[in-house]
Every structure is written in structure tokens, then in C-alpha cells.
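K.L.:
File structure04.csv follows (CSV, C-alpha atoms and all ligand atoms):
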chain,number,residue,atom,x,y,z
A,1,MET,CA,-9.5,-24.3,16.7
A,2,ASP,CA,-8.1,-22.1,19.5
A,3,THR,CA,-10.6,-20.4,21.8
A,4,LEU,CA,-10.0,-16.8,22.6
A,5,PRO,CA,-9.4,-15.5,26.2
A,6,THR,CA,-12.3,-13.3,27.2
A,7,GLN,CA,-10.1,-10.4,28.6
A,8,ILE,CA,-8.0,-10.1,25.5
A,9,THR,CA,-7.7,-6.7,23.9
A,10,PHE,CA,-8.0,-6.1,20.1
A,11,LYS,CA,-7.5,-3.2,17.8
A,12,VAL,CA,-10.8,-1.9,16.5
A,13,ARG,CA,-11.2,0.2,13.4
A,14,ILE,CA,-12.2,3.8,14.0
A,15,ASN,CA,-12.2,6.8,11.6
A,16,ASP,CA,-8.4,7.1,11.3
A,17,GLY,CA,-7.4,3.4,11.2
A,18,TRP,CA,-6.6,0.5,13.5
A,19,ASN,CA,-5.4,2.8,16.2
A,20,ARG,CA,-7.5,2.2,19.3
A,21,ASP,CA,-7.4,-0.7,21.6
A,22,SER,CA,-10.6,-2.0,23.1
A,23,ASN,CA,-11.5,-4.6,25.6
A,24,LEU,CA,-13.7,-7.2,24.0
A,25,GLN,CA,-16.1,-7.1,26.9
A,26,ASP,CA,-16.6,-3.4,26.3
A,27,MET,CA,-17.8,-3.9,22.8
A,28,GLU,CA,-21.5,-3.8,22.8
A,29,GLY,CA,-23.2,-7.0,21.5
A,30,SER,CA,-19.8,-8.5,20.6
A,31,THR,CA,-18.1,-11.5,22.1
A,32,ALA,CA,-15.5,-12.2,19.5
A,33,PRO,CA,-13.5,-10.1,17.0
A,34,GLU,CA,-14.7,-9.9,13.5
A,35,ARG,CA,-12.5,-11.8,11.0
A,36,LYS,CA,-13.1,-10.4,7.6
A,37,ALA,CA,-13.3,-12.8,4.6
A,38,ALA,CA,-10.4,-11.1,2.8
A,39,LEU,CA,-7.9,-8.3,3.4
A,40,THR,CA,-8.2,-5.4,1.1
A,41,VAL,CA,-4.9,-4.2,-0.3
A,42,VAL,CA,-5.2,-0.6,-1.6
A,43,ALA,CA,-2.6,-0.6,-4.4
A,44,ILE,CA,-1.2,2.7,-5.8
A,45,SER,CA,1.0,3.2,-8.8
A,46,GLY,CA,3.4,6.2,-8.7
A,47,SER,CA,3.4,6.4,-12.5
A,48,LEU,CA,0.5,7.9,-14.5
A,49,ARG,CA,2.0,6.7,-17.9
A,50,ARG,CA,-0.3,4.6,-20.0
A,51,GLY,CA,2.3,1.8,-20.5
A,52,SER,CA,3.7,2.1,-17.0
A,53,ALA,CA,5.7,-0.9,-15.8
A,54,ASN,CA,4.7,-0.1,-12.2
A,55,THR,CA,1.0,-0.1,-13.0
A,56,GLY,CA,1.8,-3.4,-14.7
A,57,LEU,CA,3.2,-4.7,-11.4
A,58,ILE,CA,-0.1,-3.9,-9.8
A,59,ARG,CA,-2.1,-5.7,-12.5
A,60,ALA,CA,0.2,-8.7,-12.0
A,61,ALA,CA,-0.3,-8.6,-8.2
A,62,LYS,CA,-4.0,-8.6,-8.7
A,63,GLU,CA,-3.8,-11.7,-11.0
A,64,ILE,CA,-1.5,-13.5,-8.5
A,65,CYS,CA,-4.0,-12.9,-5.7
A,66,GLU,CA,-6.9,-14.0,-7.7
A,67,GLU,CA,-5.1,-17.2,-8.8
A,68,SER,CA,-3.3,-18.3,-5.7
A,69,ILE,CA,-3.5,-16.1,-2.6
A,70,PRO,CA,-6.9,-16.6,-1.0
A,71,GLY,CA,-7.8,-13.9,1.6
A,72,LEU,CA,-6.0,-11.1,-0.2
A,73,HIS,CA,-7.8,-8.8,-2.6
A,74,ILE,CA,-6.1,-6.0,-4.6
A,75,ASN,CA,-8.0,-2.7,-5.0
A,76,HIS,CA,-6.1,-0.6,-7.6
A,77,VAL,CA,-6.7,3.0,-6.7
A,78,ASP,CA,-6.0,5.4,-9.5
A,79,ILE,CA,-4.5,8.7,-8.4
A,80,SER,CA,-4.4,10.5,-11.7
A,81,ASP,CA,-7.4,12.7,-10.9
A,82,LEU,CA,-6.1,14.1,-7.6
A,83,PRO,CA,-5.4,17.8,-7.8
A,84,LEU,CA,-2.0,19.0,-6.7
A,85,LEU,CA,-2.0,19.5,-3.0
A,86,ASN,CA,-3.1,22.9,-2.0
A,87,THR,CA,-4.6,23.5,1.4
A,88,ASP,CA,-6.7,26.4,0.0
A,89,LEU,CA,-8.8,23.6,-1.6
A,90,GLU,CA,-9.9,22.5,1.9
A,91,SER,CA,-12.9,24.0,3.6
A,92,ASP,CA,-14.2,23.3,7.1
A,93,GLY,CA,-12.2,20.0,7.2
A,94,GLY,CA,-13.7,19.0,3.8
A,95,PHE,CA,-11.8,18.2,0.6
A,96,PRO,CA,-12.4,18.3,-3.2
A,97,PRO,CA,-14.6,15.4,-4.3
A,98,ALA,CA,-11.7,13.4,-5.9
A,99,VAL,CA,-9.7,13.8,-2.7
A,100,GLU,CA,-12.6,12.8,-0.5
A,101,ALA,CA,-13.1,9.6,-2.6
A,102,PHE,CA,-9.4,8.8,-2.4
A,103,ARG,CA,-9.2,9.3,1.3
A,104,ALA,CA,-12.3,7.0,1.8
A,105,LYS,CA,-10.6,4.2,-0.1
A,106,VAL,CA,-7.3,4.6,1.9
A,107,ARG,CA,-9.2,4.6,5.1
A,108,ALA,CA,-11.1,1.4,4.2
A,109,ALA,CA,-7.8,-0.5,3.3
A,110,ASP,CA,-6.4,-3.2,5.5
A,111,CYS,CA,-2.9,-2.7,4.0
A,112,PHE,CA,-1.1,-1.0,1.1
A,113,LEU,CA,1.0,-1.9,-1.9
A,114,PHE,CA,3.0,0.9,-3.5
A,115,ALA,CA,4.5,0.4,-6.9
A,116,SER,CA,6.5,3.4,-8.1
A,117,PRO,CA,9.3,4.5,-10.3
A,118,GLU,CA,12.2,6.5,-8.8
A,119,TYR,CA,12.2,10.1,-10.2
A,120,ASN,CA,15.4,12.0,-9.6
A,121,TYR,CA,16.5,9.8,-6.6
A,122,SER,CA,13.1,10.1,-4.9
A,123,ILE,CA,9.4,9.4,-4.8
A,124,SER,CA,7.4,10.3,-7.9
A,125,GLY,CA,5.5,13.6,-7.7
A,126,PRO,CA,2.1,11.9,-8.2
A,127,LEU,CA,2.7,9.4,-5.4
A,128,LYS,CA,4.0,12.0,-3.0
A,129,ASN,CA,1.0,14.1,-3.8
A,130,ALA,CA,-1.3,11.2,-2.9
A,131,LEU,CA,0.6,10.4,0.3
A,132,ASP,CA,0.2,14.1,1.3
A,133,TRP,CA,-3.5,14.3,0.6
A,134,GLY,CA,-4.1,11.2,2.6
A,135,SER,CA,-2.0,12.6,5.5
A,136,ARG,CA,-4.2,15.7,6.0
A,137,PRO,CA,-6.1,15.6,9.3
A,138,SER,CA,-7.2,13.1,10.2
A,139,ASN,CA,-4.4,10.9,8.8
A,140,CYS,CA,-5.9,8.1,6.7
A,141,TRP,CA,-2.8,5.9,6.5
A,142,GLY,CA,-2.2,5.1,10.1
A,143,ASP,CA,-1.3,1.8,11.6
A,144,ARG,CA,-1.5,-0.4,8.6
A,145,ALA,CA,1.1,-2.7,6.9
A,146,ALA,CA,2.5,-1.9,3.5
A,147,ALA,CA,4.9,-3.3,0.8
A,148,ILE,CA,6.8,-1.4,-1.9
A,149,LEU,CA,7.7,-2.4,-5.4
A,150,SER,CA,9.7,-0.4,-7.9
A,151,ALA,CA,10.4,-0.7,-11.6
A,152,SER,CA,12.9,2.0,-12.4
A,153,GLY,CA,16.0,2.9,-14.3
A,154,GLY,CA,19.5,1.8,-13.3
A,155,SER,CA,18.9,2.1,-9.6
A,156,GLY,CA,15.9,-0.3,-9.6
A,157,GLY,CA,14.2,2.4,-7.4
A,158,SER,CA,16.0,1.7,-4.1
A,159,ARG,CA,16.4,5.4,-3.2
A,160,MET,CA,12.7,6.0,-3.8
A,161,GLN,CA,11.8,3.0,-1.6
A,162,TYR,CA,13.9,4.2,1.3
A,163,HIS,CA,12.3,7.7,0.9
A,164,ILE,CA,8.8,6.2,1.1
A,165,ARG,CA,9.9,4.4,4.3
A,166,GLN,CA,11.0,7.7,5.7
A,167,VAL,CA,7.7,9.4,4.9
A,168,GLY,CA,5.9,6.4,6.4
A,169,VAL,CA,7.5,7.1,9.8
A,170,PHE,CA,5.4,10.2,10.1
A,171,LEU,CA,2.3,8.6,8.5
A,172,ASP,CA,2.6,5.6,10.8
A,173,ILE,CA,2.7,3.0,8.0
A,174,HIS,CA,4.4,-0.3,8.9
A,175,PHE,CA,6.5,-1.6,6.0
A,176,ILE,CA,7.5,-5.2,5.5
A,177,ASN,CA,11.2,-5.5,5.4
A,178,LYS,CA,11.7,-8.5,3.2
A,179,PRO,CA,11.6,-9.3,0.3
A,180,GLU,CA,12.9,-6.1,-1.3
A,181,VAL,CA,12.0,-5.9,-5.0
A,182,PHE,CA,14.1,-3.5,-7.1
A,183,ILE,CA,13.5,-3.9,-10.8
A,184,LYS,CA,15.8,-2.4,-13.4
A,185,ALA,CA,12.9,-2.1,-15.9
A,186,HIS,CA,14.9,-1.2,-19.0
A,187,GLN,CA,17.8,-3.7,-18.8
A,188,PRO,CA,17.7,-6.7,-21.0
A,189,PRO,CA,16.2,-9.3,-21.1
A,190,SER,CA,12.8,-7.6,-21.3
A,191,LYS,CA,10.7,-7.9,-18.1
A,192,PHE,CA,7.6,-6.0,-19.4
A,193,ASP,CA,5.9,-5.9,-22.8
A,194,SER,CA,5.2,-2.6,-24.6
A,195,ASN,CA,2.0,-2.2,-22.6
A,196,GLY,CA,3.7,-2.6,-19.2
A,197,ASN,CA,2.5,-6.1,-18.6
A,198,LEU,CA,5.0,-8.2,-16.5
A,199,ILE,CA,6.4,-11.1,-18.5
A,200,ASP,CA,9.3,-12.2,-16.3
A,201,PRO,CA,8.5,-15.4,-14.3
A,202,GLU,CA,11.2,-14.7,-11.6
A,203,ILE,CA,9.8,-11.3,-10.8
A,204,LYS,CA,6.3,-12.8,-10.7
A,205,GLU,CA,7.6,-15.2,-8.0
A,206,GLN,CA,9.2,-12.3,-6.1
A,207,LEU,CA,5.9,-10.5,-6.3
A,208,ARG,CA,4.1,-13.5,-4.9
A,209,GLU,CA,6.5,-13.7,-2.0
A,210,THR,CA,6.0,-10.0,-1.3
A,211,LEU,CA,2.2,-10.4,-1.3
A,212,LEU,CA,2.4,-13.4,1.1
A,213,SER,CA,4.7,-11.4,3.4
A,214,LEU,CA,2.3,-8.4,3.3
A,215,GLN,CA,-0.6,-10.7,4.1
A,216,ALA,CA,1.2,-12.4,7.0
A,217,PHE,CA,2.4,-9.1,8.5
A,218,SER,CA,-1.0,-7.4,8.1
A,219,LEU,CA,-2.8,-10.3,9.9
A,220,ARG,CA,-0.2,-10.1,12.7
A,221,LEU,CA,-0.7,-6.4,13.1
A,222,GLU,CA,-4.5,-6.6,13.2
A,223,SER,CA,-4.8,-9.4,15.7
A,224,LYS,CA,-1.9,-9.0,18.1
A,225,PRO,CA,-3.2,-8.5,21.6
A,226,ALA,CA,-2.2,-5.0,22.8
A,227,ASN,CA,-1.0,-6.3,26.2
A,228,SER,CA,1.1,-9.2,24.8
A,229,GLU,CA,4.8,-9.4,25.9
B,1,LIG,C1,11.7,12.7,-14.3
B,1,LIG,C2,12.3,11.4,-14.3
B,1,LIG,C3,13.3,11.1,-13.4
B,1,LIG,C4,13.9,9.8,-13.3
B,1,LIG,N1,14.8,9.6,-12.4
B,1,LIG,C5,15.2,8.3,-12.2
B,1,LIG,C6,16.1,8.0,-11.1
B,1,LIG,O1,16.5,8.9,-10.3
B,1,LIG,N2,16.5,6.7,-10.9
B,1,LIG,C7,16.1,5.7,-11.8
B,1,LIG,O2,16.5,4.6,-11.5
B,1,LIG,N3,15.3,6.0,-12.8
B,1,LIG,C8,14.8,7.2,-13.0
B,1,LIG,N4,13.9,7.5,-14.1
B,1,LIG,C9,13.5,6.4,-14.9
B,1,LIG,C10,12.2,5.8,-14.5
B,1,LIG,O3,12.2,5.4,-13.1
B,1,LIG,C11,11.9,4.6,-15.3
B,1,LIG,O4,11.7,5.0,-16.7
B,1,LIG,C12,10.6,3.8,-14.9
B,1,LIG,O5,10.6,2.6,-15.6
B,1,LIG,C13,9.3,4.5,-15.2
B,1,LIG,O6,8.3,3.8,-14.6
B,1,LIG,P1,6.9,3.5,-15.4
B,1,LIG,O7,7.3,2.5,-16.5
B,1,LIG,O8,6.1,2.8,-14.3
B,1,LIG,O9,6.4,4.8,-15.9
B,1,LIG,C14,13.4,8.8,-14.2
B,1,LIG,C15,12.4,9.1,-15.1
B,1,LIG,C16,11.8,10.3,-15.2
B,1,LIG,C17,10.7,10.6,-16.2
Please express what this file holds, its structure, as C-alpha cells.

P.N.:
Amino acid sequence: MDTLPTQITFKVRINDGWNRDSNLQDMEGSTAPERKAALTVVAISGSLRRGSANTGLIRAAKEICEESIPGLHINHVDISDLPLLNTDLESDGGFPPAVEAFRAKVRAADCFLFASPEYNYSISGPLKNALDWGSRPSNCWGDRAAAILSASGGSGGSRMQYHIRQVGVFLDIHFINKPEVFIKAHQPPSKFDSNGNLIDPEIKEQLRETLLSLQAFSLRLESKPANSE
């Protein structure tokens, strides 16, 4: 195993994410960076529908990780109980309980997986609402990797995906570029059963490749020395 240079700088997690560099020698009582057993992926579905194909993609991703991707753990975070964003609901930097709980889960994530339908050429209202609540000071999304999936109508959700990427610029989310997974959910042959469970083996493989890419990018982002060329 490689030994670590003693002067190397690593990113350490503070309240608003992996956003501060620290010299290892400055870290009290610490001589090496902590390597967590598994990366936690906070996975969010942009559809609140019971039989949602996008929520089905998250269930499939969880199964794939449990079966064949050691080191990656999916935490499906339900956004259905978030109130509509209204800054009048904030007081002294505090948020309604459901928002506080959501923000804590986002902050604790190592990376993100968004699975969302396209609604009228853009991000679904519920997902945009969740992104906005997480963005209120201090931003909970910052400096983590993310991947996007979409099961949608005729577009496959491409316009929605590029809109999330645009929002992610301001939220400081780093998206993997490949693979891109755009699923035309309603075109035959059926890709989901009536409960939204993914039944298409080719899409399962694309999902697996997406998760592996997210894992690799997330690890690179967490451990890259800040002063490397
Ligand atoms: C309000 C609304 C707007 C939609 N707009 C689009 C759209 O712009 N492009 C598209 O491909 N599909 C569109 N659809 C279809 C959904 O993306 C599609 O039914 C998707 O499978 C729903 O995801 P779910 O199964 O996870 O609920 C729209 C659906 C709704 C309800």
C-alpha cells in the first residue's frame, strides 16, 4: 500500500460540506485522513407518484449497490413532506422540522443521485423545491459529486437533466458527465412494471455503470490533494 506524504493537504468536512482544505499536521490528534467504510449516496426522486418509475430507479440502484458495488450505500431520502419553499417559514436561521431533517441528510451525504421526470421541459416542482431548501444559507449541497437519471416521456428527460446541471453550478455540485441515462419510460417494450419497478436488464447495466462512475468520481473529489498539479 502507498504511504502518504506528511505535508499533503486534504479536504475535511465542515458544516457546509467538503469545502475547506487542511494540512494534515494541523489536524489535532490525526496523522492520516479517515477513510470511511462506505460512501453514502443521498438519492432523491423528483416524482411523488406511488408507482413512479424514477423512484423505481432509486430502488434498483439500492439493490445493485447491495448486490455488487461494495463501498457505495444508497440512502433514499423522501422529499414528499417538505413544505413549499417560503422564506417566511425560516426564523433566526432555523427551518421547519421536515426541512431541518432533510438538510441534515443532505449535509451528511458523500454524493448525490437524482432520478427525476421532466415536467414541461424542466425539473419537476418537488425536486426544485428540495434543491432550493437545501440551498438556503448555509448551502448544504456544496462540493460533492452527483449523477442524474431520468425516466420521462418522449424526451427521456434530457432537458430536465441539463437544467439540473445549470442549477448545480450555483449550488456547487459536481456532476459526472458520462454515462448519460435518458429513459423513455412509456415507449415499448416495457421497462418498468405497474409498480414502477425496473425490469429492463440493459437499463440495469447502465444504472450500474452510472453508480460506478459516481463512486470513482466521488472518491477522486474527496482525496485529491488541494495542491496537486
Ligand atoms: C406536468 C407534467 C409535465 C410533463 N412534461 C414532460 C416533458 O416536458 N417531457 C417529457 O419527456 N415528459 C413529460 N411528462 C411525462 C413524465 O415525465 C413521465 O410521465 C414520467 O414517466 C413520470 O415519471 P414518474 O413515473 O417517475 O412519475 C410530463 C408529465 C407531467 C405530469

K.L.:
With the cut-off set at 7 Å and counting only C-alpha atoms and all ligand atoms, tabulate each residue of chain A with an atom at most that distance from an atom of ligand LIG 1 (chain B), showing the nearest atom pair and its distance in Å to one decimal, ordered by chain and increasing number, as a Markdown table.

P.N.:
| residue | atom | partner | partner_atom | distance |
| --- | --- | --- | --- | --- |
| A:Ser47 | CA | B:LIG1 | O9 | 4.8 |
| A:Leu48 | CA | B:LIG1 | O9 | 6.8 |
| A:Arg49 | CA | B:LIG1 | O9 | 5.2 |
| A:Gly51 | CA | B:LIG1 | O7 | 6.4 |
| A:Ser52 | CA | B:LIG1 | O7 | 3.7 |
| A:Ala53 | CA | B:LIG1 | O7 | 3.8 |
| A:Asn54 | CA | B:LIG1 | O8 | 3.8 |
| A:Thr55 | CA | B:LIG1 | O8 | 6.0 |
| A:Ser116 | CA | B:LIG1 | O8 | 6.2 |
| A:Pro117 | CA | B:LIG1 | O3 | 4.1 |
| A:Glu118 | CA | B:LIG1 | O3 | 4.4 |
| A:Tyr119 | CA | B:LIG1 | N1 | 3.4 |
| A:Asn120 | CA | B:LIG1 | O1 | 3.4 |
| A:Tyr121 | CA | B:LIG1 | O1 | 3.8 |
| A:Ser122 | CA | B:LIG1 | O1 | 6.5 |
| A:Ala151 | CA | B:LIG1 | O5 | 5.2 |
| A:Ser152 | CA | B:LIG1 | O3 | 3.5 |
| A:Gly153 | CA | B:LIG1 | O2 | 3.3 |
| A:Gly154 | CA | B:LIG1 | O2 | 4.5 |
| A:Ser155 | CA | B:LIG1 | O2 | 4.0 |
| A:Gly156 | CA | B:LIG1 | O2 | 5.3 |
| A:Gly157 | CA | B:LIG1 | O2 | 5.2 |
| A:Ala185 | CA | B:LIG1 | O5 | 5.2 |
| A:His186 | CA | B:LIG1 | O5 | 6.7 |
| A:Gly196 | CA | B:LIG1 | O7 | 6.8 |

K.L.:
Can you work out the spacing between CA of Asp143 (chain A) and CA of Arg107 (chain A) in Å, to one decimal?

P.N.:
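CA of Arg107 (chain A) lies 10.6 Å from CA of Asp143 (chain A).
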
K.L.:
Could you work out how far CA of Leu84 (chain A) lies from CA of Gly125 (chain A), giving the answer in Å with one decimal?

P.N.:
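For CA of Gly125 (chain A) relative to CA of Leu84 (chain A), the distance reads 9.3 Å.
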
K.L.:
Find, counting all atoms listed in the file, the residue in A:Leu131, A:Ile123, A:Gly93, A:Ala43 that gets nearest to Arg159 (chain A).

P.N.:
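Among A:Leu131, A:Ile123, A:Gly93, A:Ala43, it is A:Ile123 that comes nearest to Arg159 (chain A).
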
K.L.:
Have a look at A:Val77, A:Leu127, A:Ala38, A:Ala216 and name the one nearest to Phe102 (chain A); count only C-alpha atoms.

P.N.:
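Closest to Phe102 (chain A), using only C-alpha atoms: A:Val77.
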
K.L.:
Interatomic distance between CA of Ala146 (chain A) and CA of Gly168 (chain A)?

P.N.:
9.4 Å

K.L.:
Can you tell me which residues surround Leu113 (chain A) at a distance of at most 8 Å, considering all atoms listed in the file, apart from same-chain residues fewer than 6 positions away, and format the answer as a short mmCIF file (atom, residue, chain, number, x, y, z; two decimals) with C-alpha atoms, in the frame of the given file?

P.N.:
data_model
loop_
_atom_site.label_atom_id
_atom_site.label_comp_id
_atom_site.auth_asym_id
_atom_site.auth_seq_id
_atom_site.Cartn_x
_atom_site.Cartn_y
_atom_site.Cartn_z
CA VAL A 41 -4.90 -4.20 -0.30
CA VAL A 42 -5.20 -0.60 -1.60
CA ALA A 43 -2.60 -0.60 -4.40
CA ILE A 44 -1.20 2.70 -5.80
CA ALA A 146 2.50 -1.90 3.50
CA ALA A 147 4.90 -3.30 0.80
CA ILE A 148 6.80 -1.40 -1.90
CA LEU A 149 7.70 -2.40 -5.40
#

K.L.:
Would you mind completing region 178-196 of chain A so that it carries N, CA and C atoms, and writing it out as a short mmCIF file (atom, residue, chain, number, x, y, z; two decimals), in the frame of the given file?

P.N.:
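Contents of the output file part_27.cif:
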data_model
loop_
_atom_site.label_atom_id
_atom_site.label_comp_id
_atom_site.auth_asym_id
_atom_site.auth_seq_id
_atom_site.Cartn_x
_atom_site.Cartn_y
_atom_site.Cartn_z
N LYS A 178 11.21 -7.55 4.18
CA LYS A 178 11.70 -8.50 3.20
C LYS A 178 10.49 -9.16 2.50
N PRO A 179 10.52 -9.53 1.23
CA PRO A 179 11.60 -9.30 0.30
C PRO A 179 11.67 -7.84 -0.17
N GLU A 180 12.84 -7.43 -0.62
CA GLU A 180 12.90 -6.10 -1.30
C GLU A 180 12.98 -6.39 -2.77
N VAL A 181 12.13 -5.68 -3.51
CA VAL A 181 12.00 -5.90 -5.00
C VAL A 181 12.40 -4.64 -5.71
N PHE A 182 13.59 -4.63 -6.29
CA PHE A 182 14.10 -3.50 -7.10
C PHE A 182 14.24 -3.95 -8.52
N ILE A 183 13.43 -3.44 -9.42
CA ILE A 183 13.50 -3.90 -10.80
C ILE A 183 14.08 -2.90 -11.74
N LYS A 184 15.15 -3.33 -12.42
CA LYS A 184 15.80 -2.40 -13.40
C LYS A 184 14.97 -2.69 -14.72
N ALA A 185 13.95 -1.84 -14.92
CA ALA A 185 12.90 -2.10 -15.90
C ALA A 185 13.45 -2.13 -17.35
N HIS A 186 14.51 -1.38 -17.59
CA HIS A 186 14.90 -1.20 -19.00
C HIS A 186 16.16 -2.00 -19.37
N GLN A 187 16.64 -2.84 -18.44
CA GLN A 187 17.80 -3.70 -18.80
C GLN A 187 17.36 -4.97 -19.40
N PRO A 188 18.04 -5.43 -20.47
CA PRO A 188 17.70 -6.70 -21.00
C PRO A 188 17.98 -7.87 -20.09
N PRO A 189 17.28 -9.00 -20.14
CA PRO A 189 16.20 -9.30 -21.10
C PRO A 189 14.91 -8.51 -20.62
N SER A 190 13.97 -8.33 -21.56
CA SER A 190 12.80 -7.60 -21.30
C SER A 190 11.95 -8.22 -20.14
N LYS A 191 11.52 -7.38 -19.24
CA LYS A 191 10.70 -7.90 -18.10
C LYS A 191 9.25 -7.50 -18.27
N PHE A 192 9.00 -6.50 -19.14
CA PHE A 192 7.60 -6.00 -19.40
C PHE A 192 7.43 -5.94 -20.89
N ASP A 193 6.18 -6.15 -21.33
CA ASP A 193 5.90 -5.90 -22.80
C ASP A 193 5.66 -4.44 -23.00
N SER A 194 5.32 -4.07 -24.23
CA SER A 194 5.20 -2.60 -24.60
C SER A 194 4.01 -1.98 -23.86
N ASN A 195 3.09 -2.78 -23.33
CA ASN A 195 2.00 -2.20 -22.60
C ASN A 195 2.21 -2.19 -21.07
N GLY A 196 3.40 -2.57 -20.67
CA GLY A 196 3.70 -2.60 -19.20
C GLY A 196 3.30 -3.83 -18.52
#
